[in-house]
$ cat coords10.cif   # mmCIF, C-alpha atoms
data_work
loop_
_atom_site.label_atom_id
_atom_site.label_comp_id
_atom_site.auth_asym_id
_atom_site.auth_seq_id
_atom_site.Cartn_x
_atom_site.Cartn_y
_atom_site.Cartn_z
CA SER F 191 -6.78 1.23 -14.89
CA GLN F 192 -7.09 -0.50 -11.57
CA GLN F 193 -5.54 -3.93 -11.49
CA GLY F 194 -6.83 -5.42 -8.27
CA GLU F 195 -10.46 -5.41 -7.30
CA GLU F 196 -11.48 -6.87 -3.99
CA ASP F 197 -14.89 -8.04 -2.98
CA PRO F 198 -16.82 -7.71 -0.89
CA GLN F 199 -16.11 -4.05 -0.14
CA ALA F 200 -17.17 -4.63 3.46
CA LEU F 201 -17.60 -7.74 5.57
CA SER F 202 -18.92 -8.01 9.11
CA ILE F 203 -18.64 -11.26 11.05
CA GLN F 204 -18.58 -12.60 14.60
CA GLU F 205 -15.41 -13.62 16.38
CA GLY F 206 -14.58 -17.23 15.65
CA GLU F 207 -16.11 -17.21 12.17
CA ASN F 208 -14.10 -17.45 8.98
CA ALA F 209 -13.69 -14.48 6.65
CA THR F 210 -13.16 -14.82 2.92
CA MET F 211 -12.12 -11.97 0.67
CA ASN F 212 -11.67 -12.13 -3.07
CA CYS F 213 -9.45 -10.27 -5.49
CA SER F 214 -9.58 -10.12 -9.26
CA TYR F 215 -6.89 -8.73 -11.52
CA LYS F 216 -6.57 -8.03 -15.21
CA THR F 217 -3.12 -8.82 -16.57
CA SER F 218 -0.64 -11.67 -16.17
CA ILE F 219 1.33 -11.64 -12.94
CA ASN F 220 4.48 -13.06 -11.37
CA ASN F 221 2.99 -12.95 -7.90
CA LEU F 222 0.14 -11.51 -5.90
CA GLN F 223 0.42 -10.02 -2.44
CA TRP F 224 -2.05 -9.40 0.36
CA TYR F 225 -1.65 -6.52 2.79
CA ARG F 226 -3.57 -5.49 5.91
CA GLN F 227 -4.22 -1.92 7.02
CA ASN F 228 -5.40 -1.16 10.52
CA SER F 229 -7.25 2.11 11.01
CA GLY F 230 -4.85 5.05 10.98
CA ARG F 231 -1.83 2.87 10.22
CA GLY F 232 0.27 1.87 7.25
CA LEU F 233 -0.07 -1.33 5.26
CA VAL F 234 1.46 -4.51 6.60
CA HIS F 235 2.48 -7.33 4.28
CA LEU F 236 0.66 -10.59 5.03
CA ILE F 237 1.51 -13.09 2.35
CA LEU F 238 2.80 -13.45 -1.19
CA ILE F 239 1.73 -16.17 -3.58
CA ARG F 240 3.67 -16.82 -6.78
CA SER F 241 2.00 -17.42 -10.11
CA ASN F 242 3.03 -21.09 -10.11
CA GLU F 243 1.45 -21.69 -6.68
CA ARG F 244 -2.20 -22.51 -6.18
CA GLU F 245 -2.44 -22.28 -2.42
CA LYS F 246 -0.37 -20.95 0.44
CA HIS F 247 -0.80 -20.95 4.21
CA SER F 248 0.54 -18.72 6.94
CA GLY F 249 -0.87 -19.25 10.42
CA ARG F 250 -4.63 -18.60 10.21
CA LEU F 251 -4.30 -17.23 6.66
CA ARG F 252 -4.93 -19.25 3.56
CA VAL F 253 -4.47 -17.73 0.12
CA THR F 254 -5.45 -19.30 -3.16
CA LEU F 255 -4.60 -18.20 -6.67
CA ASP F 256 -6.36 -19.12 -9.88
CA THR F 257 -4.40 -17.64 -12.76
CA SER F 258 -6.89 -18.94 -15.33
CA LYS F 259 -9.60 -16.85 -13.70
CA LYS F 260 -7.20 -14.08 -12.69
CA SER F 261 -8.43 -14.22 -9.13
CA SER F 262 -7.21 -14.83 -5.61
CA SER F 263 -8.89 -15.33 -2.28
CA LEU F 264 -7.77 -14.69 1.27
CA LEU F 265 -9.32 -16.79 4.01
CA ILE F 266 -8.87 -15.88 7.65
CA THR F 267 -9.92 -18.72 9.90
CA ALA F 268 -11.19 -18.40 13.46
CA SER F 269 -11.26 -14.62 13.21
CA ARG F 270 -10.49 -12.38 16.17
CA ALA F 271 -11.48 -8.83 16.97
CA ALA F 272 -7.86 -7.88 16.28
CA ASP F 273 -8.34 -8.96 12.64
CA THR F 274 -10.58 -5.92 12.14
CA ALA F 275 -8.85 -3.99 9.35
CA SER F 276 -8.91 -3.33 5.62
CA TYR F 277 -7.34 -5.97 3.40
CA PHE F 278 -5.79 -5.22 0.03
CA CYS F 279 -4.45 -7.35 -2.76
CA ALA F 280 -1.60 -6.02 -4.87
CA THR F 281 -0.08 -6.99 -8.18
CA ALA F 282 2.83 -5.51 -10.09
CA ARG F 283 2.38 -3.28 -13.11
CA GLY F 284 4.17 -4.64 -16.16
CA GLY F 285 7.66 -5.97 -15.49
CA SER F 286 8.32 -3.70 -12.55
CA GLN F 287 7.70 -5.74 -9.40
CA GLY F 288 8.02 -2.65 -7.27
CA ASN F 289 5.28 -0.78 -9.12
CA LEU F 290 2.36 -2.19 -7.17
CA ILE F 291 -1.27 -1.71 -8.04
CA PHE F 292 -3.64 -2.01 -5.11
CA GLY F 293 -7.35 -2.65 -5.14
CA LYS F 294 -9.80 -0.64 -3.05
CA GLY F 295 -9.72 -3.22 -0.30
CA THR F 296 -12.18 -5.16 1.80
CA LYS F 297 -13.07 -3.64 5.14
CA LEU F 298 -13.41 -6.45 7.65
CA SER F 299 -15.16 -5.94 10.98
CA VAL F 300 -14.94 -8.75 13.52
CA LYS F 301 -17.39 -8.33 16.38
CA PRO F 302 -16.46 -9.77 19.77
CA ASP K 94 12.53 0.96 16.61
CA THR K 95 10.18 2.25 13.91
CA ALA K 96 11.24 0.78 10.58
CA VAL K 97 9.72 3.41 8.28
CA SER K 98 8.93 6.72 9.91
CA GLN K 99 7.22 9.74 8.41
CA THR K 100 6.94 13.25 9.70
CA PRO K 101 4.69 14.98 10.30
CA LYS K 102 1.81 12.61 11.03
CA TYR K 103 -0.74 15.36 10.42
CA LEU K 104 -0.41 18.41 8.22
CA VAL K 105 -3.12 21.05 7.96
CA THR K 106 -2.43 23.97 5.67
CA GLN K 107 -3.96 26.53 3.36
CA MET K 108 -4.41 26.20 -0.36
CA GLY K 109 -1.46 27.63 -2.27
CA ASN K 110 1.13 26.86 0.40
CA ASP K 111 4.24 24.73 -0.07
CA LYS K 112 4.89 21.83 2.29
CA SER K 113 7.26 18.91 2.76
CA ILE K 114 6.87 15.44 4.19
CA LYS K 115 9.90 13.53 5.36
CA CYS K 116 10.48 9.79 5.35
CA GLU K 117 13.27 7.72 6.84
CA GLN K 118 13.79 3.98 6.98
CA ASN K 119 16.22 2.08 9.17
CA LEU K 120 15.81 -1.28 7.47
CA GLY K 121 18.85 -0.89 5.23
CA HIS K 122 16.63 -1.02 2.14
CA ASP K 123 17.75 0.52 -1.13
CA THR K 124 14.33 1.30 -2.61
CA MET K 125 11.74 3.75 -1.31
CA TYR K 126 8.27 4.75 -2.48
CA TRP K 127 5.60 7.39 -2.07
CA TYR K 128 1.92 6.47 -2.27
CA LYS K 129 -1.25 8.55 -2.08
CA GLN K 130 -4.39 7.11 -0.45
CA ASP K 131 -7.58 9.00 -1.15
CA SER K 132 -10.70 9.29 0.97
CA LYS K 133 -12.06 6.07 -0.53
CA LYS K 134 -8.95 4.17 0.58
CA PHE K 135 -7.65 3.83 -2.97
CA LEU K 136 -3.86 3.59 -2.78
CA LYS K 137 -1.82 4.71 -5.76
CA ILE K 138 1.92 4.77 -6.25
CA MET K 139 3.46 8.14 -7.03
CA PHE K 140 7.24 7.71 -7.07
CA SER K 141 9.96 5.21 -6.36
CA TYR K 142 13.69 5.66 -5.85
CA ASN K 143 16.34 2.96 -6.00
CA ASN K 144 19.75 3.92 -4.62
CA LYS K 145 18.76 7.58 -4.88
CA GLU K 146 17.72 7.24 -8.52
CA LEU K 147 14.15 7.83 -9.66
CA ILE K 148 12.78 4.61 -11.16
CA ILE K 149 9.02 5.05 -11.02
CA ASN K 150 7.29 8.32 -11.77
CA GLU K 151 3.58 7.88 -12.25
CA THR K 152 1.30 10.56 -13.60
CA VAL K 153 1.80 13.08 -10.86
CA PRO K 154 1.58 16.88 -11.22
CA ASN K 155 4.91 18.70 -11.40
CA ARG K 156 3.98 20.37 -8.12
CA PHE K 157 5.11 17.15 -6.45
CA SER K 158 8.87 16.72 -6.24
CA PRO K 159 10.53 13.85 -4.44
CA LYS K 160 14.09 14.13 -3.18
CA SER K 161 16.31 11.35 -1.96
CA PRO K 162 19.45 12.66 -0.22
CA ASP K 163 20.54 9.10 0.57
CA LYS K 164 19.20 5.55 0.47
CA ALA K 165 17.55 5.88 3.87
CA HIS K 166 15.59 9.04 3.15
CA LEU K 167 12.93 10.04 0.65
CA ASN K 168 11.22 13.36 1.10
CA LEU K 169 8.22 14.73 -0.74
CA HIS K 170 7.84 18.42 -1.45
CA ILE K 171 4.54 19.77 -2.68
CA ASN K 172 4.20 23.25 -4.17
CA SER K 173 1.06 25.34 -4.50
CA LEU K 174 -1.16 22.93 -2.62
CA GLU K 175 -4.66 22.34 -3.98
CA LEU K 176 -7.82 21.01 -2.35
CA GLY K 177 -7.45 17.76 -4.29
CA ASP K 178 -4.12 17.09 -2.62
CA SER K 179 -5.93 16.28 0.61
CA ALA K 180 -5.15 12.62 1.26
CA VAL K 181 -2.98 10.33 3.32
CA TYR K 182 0.54 9.98 1.94
CA PHE K 183 2.46 6.81 2.67
CA CYS K 184 6.13 6.15 2.40
CA ALA K 185 7.37 2.60 1.91
CA SER K 186 10.63 0.77 1.37
CA SER K 187 11.86 -2.56 0.07
CA GLN K 188 15.14 -4.33 -0.47
CA GLY K 189 15.53 -4.23 -4.22
CA ALA K 190 13.38 -2.50 -6.80
CA SER K 191 11.68 -5.77 -7.67
CA ALA K 192 11.72 -7.52 -4.33
CA PRO K 193 8.59 -7.64 -2.24
CA PRO K 194 7.40 -7.06 0.36
CA GLN K 195 7.17 -3.35 0.85
CA HIS K 196 7.28 -1.93 4.37
CA PHE K 197 5.03 1.04 4.98
CA GLY K 198 5.15 4.00 7.31
CA ASP K 199 2.02 5.05 9.19
CA GLY K 200 1.20 7.84 6.81
CA THR K 201 0.90 11.62 6.80
CA ARG K 202 -2.64 12.95 6.70
CA LEU K 203 -2.62 16.14 4.64
CA SER K 204 -5.65 18.40 4.90
CA ILE K 205 -5.96 21.46 2.71
CA LEU K 206 -8.24 24.23 3.93
#
$ encode --input "coords10.cif" --output "structure tokens"
Amino acid sequence: SQQGEEDPQALSIQEGENATMNCSYKTSINNLQWYRQNSGRGLVHLILIRSNEREKHSGRLRVTLDTSKKSSSLLITASRAADTASYFCATARGGSQGNLIFGKGTKLSVKP
Amino acid sequence: DTAVSQTPKYLVTQMGNDKSIKCEQNLGHDTMYWYKQDSKKFLKIMFSYNNKELIINETVPNRFSPKSPDKAHLNLHINSLELGDSAVYFCASSQGASAPPQHFGDGTRLSIL
């Protein structure tokens, strides 16, 4: 069964606005990762948050993790047209950290 | 310069044919992966090799056979291609079987006619 589920499935905003994407998962985790996929390209790792962390920042990215609700959110502040991409959360299946389960992603469109 | 490279980028072939996709990484990683992304963007792991040994083998038809000649290469051979095999196949690598992040290639788009 699918571990990560992102919502919304699609999000369209104007440049300069903030974008928030959510991810829910089903089992206990050691960490949760967010990846970005530009059209026609491979996934690029954005940020990893460990299960004992509640919030993490990287540049314009802010990730939160609520293990009690089994959910995470990715906030992109001051979005740019170049942020247009699909965003995926990923968790590991069982004890194998390399065996990642991805959600279906949120497709973000940032209009100039 | 490309860290994880796959060839070919596009592959169009007839049902029933056999084809291979090659993957190479120059990051010095010891673990490599194959993923399949369907038309709805759902990405699912297929295989993983660590130091040339198979460590993850998800429910994949026997028609798919990965081969890792060395730590830097992981190829995927597919026999008797079916319409449902149409997808984008991604190769990825990481340092350590349990050490994120994974670095992805740009994918091979396989279209079965």
$ resolve_selection --input "coords10.cif" --expression "the PyMOL selection byres ((chain F) within 9 of (chain K))" --output "PyMOL selection string"
chain F and resi 223+230-238+285-295
$ atom_distance --input "coords10.cif" --atom1 "CA of Glu175 (chain K)" --atom2 "CA of Pro154 (chain K)"
11.0 Å
$ residues_around --input "coords10.cif" --residues "region 270-276 of chain F" --least-positions-apart "2" --cutoff "7 Å" --atoms "all atoms listed in the file" --output "list in words"
Glu205, Gly206, Arg226, Gln227, Asn228, Ser229, Ala268, Phe278, Gly295, Thr296, Lys297, Leu298, Ser299, Val300, Lys301 and Pro302 of chain F
$ write_last_selection --input "coords10.cif" --atoms "C-alpha atoms" --output "CSV table (one decimal), in the frame of the given file"
chain,number,residue,atom,x,y,z
F,205,GLU,CA,-15.4,-13.6,16.4
F,206,GLY,CA,-14.6,-17.2,15.6
F,226,ARG,CA,-3.6,-5.5,5.9
F,227,GLN,CA,-4.2,-1.9,7.0
F,228,ASN,CA,-5.4,-1.2,10.5
F,229,SER,CA,-7.2,2.1,11.0
F,268,ALA,CA,-11.2,-18.4,13.5
F,278,PHE,CA,-5.8,-5.2,0.0
F,295,GLY,CA,-9.7,-3.2,-0.3
F,296,THR,CA,-12.2,-5.2,1.8
F,297,LYS,CA,-13.1,-3.6,5.1
F,298,LEU,CA,-13.4,-6.4,7.6
F,299,SER,CA,-15.2,-5.9,11.0
F,300,VAL,CA,-14.9,-8.8,13.5
F,301,LYS,CA,-17.4,-8.3,16.4
F,302,PRO,CA,-16.5,-9.8,19.8
$ resolve_selection --input "coords10.cif" --expression "the PyMOL selection byres ((chain F and resi 195) around 6)" --output "number ranges by chain"
F: 194, 196, 213-214, 293
$ atom_distance --input "coords10.cif" --atom1 "CA of Phe157 (chain K)" --atom2 "CA of Gln118 (chain K)"
20.7 Å
$ atom_distance --input "coords10.cif" --atom1 "CA of Ser218 (chain F)" --atom2 "CA of Ser258 (chain F)"
9.6 Å
$ resolve_selection --input "coords10.cif" --expression "the PyMOL selection byres ((chain F and resi 219) around 9)" --output "NGL selection string"
:F and (215-218 or 220-222 or 240-241 or 257 or 260 or 281-285)
$ residues_around --input "coords10.cif" --residues "Val105 (chain K)" --least-positions-apart "2" --cutoff "8 Å" --atoms "only C-alpha atoms" --output "ChimeraX atom specification"
/K:103,107,203-206
$ write_last_selection --input "coords10.cif" --atoms "C-alpha atoms" --output "tab-separated table (two decimals), in the coordinates of the input"
chain	number	residue	atom	x	y	z
K	103	TYR	CA	-0.74	15.36	10.42
K	107	GLN	CA	-3.96	26.53	3.36
K	203	LEU	CA	-2.62	16.14	4.64
K	204	SER	CA	-5.65	18.40	4.90
K	205	ILE	CA	-5.96	21.46	2.71
K	206	LEU	CA	-8.24	24.23	3.93
$ residues_near_point --input "coords10.cif" --point "(-0.6, -21.1, 3.9)" --cutoff "12 Å" --atoms "all atoms listed in the file" --output "PyMOL selection string"
chain F and resi 236-239+243-255+263-267
$ residues_near_point --input "coords10.cif" --point "(18.1, 13.3, 5.5)" --cutoff "12 Å" --atoms "only C-alpha atoms" --output "mmCIF file with C-alpha atoms, keeping the file's coordinate frame"
data_model
loop_
_atom_site.group_PDB
_atom_site.id
_atom_site.type_symbol
_atom_site.label_atom_id
_atom_site.label_comp_id
_atom_site.auth_asym_id
_atom_site.auth_seq_id
_atom_site.Cartn_x
_atom_site.Cartn_y
_atom_site.Cartn_z
ATOM 1 C CA GLN K 99 7.220 9.740 8.410
ATOM 2 C CA THR K 100 6.940 13.250 9.700
ATOM 3 C CA ILE K 114 6.870 15.440 4.190
ATOM 4 C CA LYS K 115 9.900 13.530 5.360
ATOM 5 C CA CYS K 116 10.480 9.790 5.350
ATOM 6 C CA GLU K 117 13.270 7.720 6.840
ATOM 7 C CA GLN K 118 13.790 3.980 6.980
ATOM 8 C CA ASN K 119 16.220 2.080 9.170
ATOM 9 C CA LYS K 145 18.760 7.580 -4.880
ATOM 10 C CA LYS K 160 14.090 14.130 -3.180
ATOM 11 C CA SER K 161 16.310 11.350 -1.960
ATOM 12 C CA PRO K 162 19.450 12.660 -0.220
ATOM 13 C CA ASP K 163 20.540 9.100 0.570
ATOM 14 C CA LYS K 164 19.200 5.550 0.470
ATOM 15 C CA ALA K 165 17.550 5.880 3.870
ATOM 16 C CA HIS K 166 15.590 9.040 3.150
ATOM 17 C CA LEU K 167 12.930 10.040 0.650
ATOM 18 C CA ASN K 168 11.220 13.360 1.100
ATOM 19 C CA LEU K 169 8.220 14.730 -0.740
#
$ closest_residue --input "coords10.cif" --among "F:Ser202, F:Tyr225, F:Glu207, F:Asn242" --to "Ser269 (chain F)" --atoms "all atoms listed in the file"
F:Glu207
